[in-house]
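For reference, input.tsv (TSV, C-alpha atoms):
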```tsv
chain	number	residue	atom	x	y	z
L	1	MET	CA	0.00	0.00	0.00
L	2	GLU	CA	1.29	3.51	-0.78
L	3	LYS	CA	2.59	5.74	1.97
L	4	GLY	CA	-0.32	7.64	3.50
L	5	SER	CA	-2.93	5.76	1.47
L	6	ASN	CA	-4.65	4.43	4.59
L	7	GLN	CA	-6.05	7.84	5.47
L	8	ASN	CA	-9.27	7.08	3.59
L	9	GLN	CA	-9.60	3.63	5.11
L	10	VAL	CA	-11.65	2.76	8.18
L	11	GLY	CA	-11.58	-0.55	10.07
L	12	SER	CA	-9.32	-3.57	10.02
L	13	SER	CA	-7.41	-4.67	6.94
L	14	LYS	CA	-9.57	-7.79	6.63
L	15	GLU	CA	-12.84	-5.87	6.48
L	16	GLN	CA	-12.21	-2.46	4.95
L	17	LYS	CA	-14.78	0.31	4.86
L	18	TRP	CA	-13.98	3.29	2.71
L	19	ARG	CA	-14.89	6.93	3.25
L	20	HIS	CA	-14.67	7.61	-0.47
L	21	PRO	CA	-15.62	5.29	-3.35
L	22	GLY	CA	-12.13	5.51	-4.85
L	23	GLY	CA	-10.90	3.07	-2.24
L	24	LYS	CA	-13.80	0.75	-2.96
L	25	LEU	CA	-12.96	0.87	-6.67
L	26	ARG	CA	-9.35	-0.04	-5.94
L	27	GLU	CA	-10.42	-2.90	-3.67
L	28	HIS	CA	-13.36	-4.34	-5.65
L	29	GLY	CA	-13.17	-2.93	-9.20
L	30	ALA	CA	-15.18	-0.25	-11.01
L	31	GLU	CA	-17.89	-2.70	-12.07
L	32	ASN	CA	-18.89	-3.14	-8.41
L	33	LEU	CA	-19.60	0.55	-7.78
L	34	SER	CA	-22.99	2.19	-8.09
L	35	ASP	CA	-23.55	5.02	-10.56
L	36	ALA	CA	-23.46	7.50	-7.65
L	37	GLU	CA	-20.14	6.11	-6.43
L	38	LEU	CA	-18.56	6.38	-9.88
L	39	LEU	CA	-19.81	9.93	-10.27
L	40	ALA	CA	-18.58	10.78	-6.77
L	41	ILE	CA	-15.06	9.80	-7.83
L	42	LEU	CA	-15.22	12.43	-10.59
L	43	ILE	CA	-16.61	15.01	-8.18
L	44	SER	CA	-13.75	14.12	-5.80
L	45	THR	CA	-14.64	16.21	-2.75
L	46	GLY	CA	-17.81	17.40	-1.19
L	47	ILE	CA	-18.58	20.58	0.66
L	48	LYS	CA	-19.34	21.27	4.30
L	49	GLY	CA	-22.31	19.09	5.22
L	50	LYS	CA	-22.48	17.31	1.85
L	51	THR	CA	-20.23	14.49	0.66
L	52	ALA	CA	-19.19	13.94	-2.94
L	53	GLU	CA	-21.45	10.89	-3.00
L	54	GLU	CA	-24.45	12.95	-1.83
L	55	ILE	CA	-23.76	15.49	-4.57
L	56	ALA	CA	-23.59	12.62	-7.08
L	57	GLU	CA	-26.90	11.21	-5.82
L	58	GLU	CA	-28.51	14.64	-6.23
L	59	ILE	CA	-27.24	14.88	-9.82
L	60	LEU	CA	-28.61	11.43	-10.66
L	61	ALA	CA	-31.94	12.24	-8.99
L	62	LYS	CA	-32.22	15.47	-10.99
L	63	PHE	CA	-31.28	14.01	-14.40
L	64	GLY	CA	-32.38	10.39	-13.94
L	65	SER	CA	-29.38	8.52	-15.29
L	66	PHE	CA	-25.98	8.86	-16.92
L	67	LYS	CA	-27.78	9.24	-20.25
L	68	GLY	CA	-29.82	12.08	-18.79
L	69	ILE	CA	-26.68	13.76	-17.48
L	70	ALA	CA	-24.91	13.44	-20.82
L	71	ASN	CA	-27.60	15.38	-22.65
L	72	GLN	CA	-27.54	18.44	-20.37
L	73	PRO	CA	-25.85	21.78	-21.06
L	74	LEU	CA	-23.17	22.58	-18.48
L	75	GLU	CA	-25.20	25.49	-17.10
L	76	LYS	CA	-27.82	23.07	-15.73
L	77	PHE	CA	-25.24	21.75	-13.25
L	78	LEU	CA	-24.50	25.15	-11.72
L	79	GLY	CA	-27.70	25.03	-9.67
L	80	ILE	CA	-26.47	22.00	-7.72
L	81	LYS	CA	-24.83	23.00	-4.46
L	82	GLY	CA	-21.31	21.60	-4.33
L	83	LEU	CA	-20.62	21.81	-8.05
L	84	ALA	CA	-18.49	24.56	-9.52
L	85	ASP	CA	-16.64	24.96	-12.80
L	86	VAL	CA	-13.81	22.48	-12.17
L	87	LYS	CA	-16.13	19.65	-11.08
L	88	ILE	CA	-18.59	20.31	-13.89
L	89	ILE	CA	-15.77	20.36	-16.45
L	90	ARG	CA	-14.39	17.08	-15.03
L	91	ILE	CA	-17.83	15.44	-15.40
L	92	ALA	CA	-18.32	16.84	-18.92
L	93	SER	CA	-14.88	15.58	-19.94
L	94	ALA	CA	-15.60	12.05	-18.69
L	95	PHE	CA	-18.89	11.97	-20.58
L	96	GLU	CA	-17.18	13.17	-23.76
L	97	ILE	CA	-14.59	10.41	-23.42
L	98	ALA	CA	-17.41	7.87	-23.03
L	99	ARG	CA	-19.21	9.30	-26.09
L	100	ARG	CA	-16.04	8.99	-28.17
L	101	ILE	CA	-15.52	5.39	-27.06
L	102	VAL	CA	-19.08	4.56	-28.10
L	103	ASP	CA	-18.54	6.27	-31.47
L	104	GLN	CA	-15.35	4.25	-32.06
L	105	VAL	CA	-16.99	0.96	-31.12
L	106	LEU	CA	-20.00	1.65	-33.35
L	107	SER	CA	-17.73	2.69	-36.22
L	108	GLU	CA	-15.67	-0.50	-35.88
L	109	LYS	CA	-18.82	-2.63	-35.80
L	110	SER	CA	-20.10	-0.89	-38.91
L	111	ILE	CA	-16.84	-1.54	-40.76
L	112	THR	CA	-16.86	-5.20	-39.68
L	113	ARG	CA	-20.47	-5.61	-40.78
L	114	LYS	CA	-19.71	-4.10	-44.20
L	115	GLU	CA	-16.72	-6.41	-44.62
L	116	ASP	CA	-18.89	-9.42	-43.69
L	117	GLU	CA	-21.53	-8.36	-46.24
L	118	LYS	CA	-18.87	-8.13	-48.97
L	119	LYS	CA	-17.64	-11.65	-48.15
L	120	GLU	CA	-21.20	-13.03	-48.33
L	121	LYS	CA	-21.75	-11.53	-51.79
L	122	LYS	CA	-18.66	-13.31	-53.20
```
Once you've parsed the file, please lay out its structure as structure tokens.
Amino acid sequence: MEKGSNQNQVGSSKEQKWRHPGGKLREHGAENLSDAELLAILISTGIKGKTAEEIAEEILAKFGSFKGIANQPLEKFLGIKGLADVKIIRIASAFEIARRIVDQVLSEKSITRKEDEKKEKK
């Protein structure tokens, strides 16, 4: 374990509880985190009286899902207490990366399908 990395850890080493979902991701993998926990990692820190995970839950409640979040203009996030420019830009960047991955996968599938169709015609 890295020097100082136990500061976000609570409990014994056999049964770890994490104060922030980043530790849970490291321990159990991203696929085992909820949508709110993944979003909380992007948000990073909360504000007085409101954790990053609570901010993430509010965002998901307001927009319904990751798909709902992805279709919103950045200005819609400014009304959520605990979000400012840096956190909103971090979220927008992650969603743009995801959109580009989807575009690449769909493009590759389309190319593969066209190649398969050409082979069938021969």
Residue nearest His20 (chain L) among L:Ala70, L:Val105, L:Ile88, L:Thr45 (counting only C-alpha atoms): L:Thr45
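Using all atoms listed in the file for every distance, the candidate list L:Ile43, L:Ile69, L:Ala98, L:Leu106 yields L:Ile43 as the residue closest to Gly82 (chain L).
We find CA of Glu27 (chain L) and CA of Glu53 (chain L) to be spaced 17.7 Å apart.
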Atomic distance CA of Phe66 (chain L) - CA of Ala92 (chain L), expressed in Å with one decimal: 11.2 Å
Given all atoms listed in the file as the counted atoms, nearest of L:Arg26, L:Glu75, L:Glu108, L:Leu39 to Ile91 (chain L): L:Leu39
All residues 12 Å or closer to Ala30 (chain L), all atoms listed in the file, same chain fewer than 6 positions away omitted, as a PyMOL selection string: chain L and resi 21-24+36-39+41
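Proximity to Leu83 (chain L) was assessed for L:Ile97, L:Ile47, L:Val102, L:Leu25 counting only C-alpha atoms; the smallest distance is recorded for L:Ile47.
Distances to Glu96 (chain L) were evaluated for L:Lys119, L:Lys67, L:Lys50, L:Arg113 using only C-alpha atoms, and the minimum falls at L:Lys67.
CA of Gln72 (chain L) is positioned 10.8 Å from CA of Phe95 (chain L).
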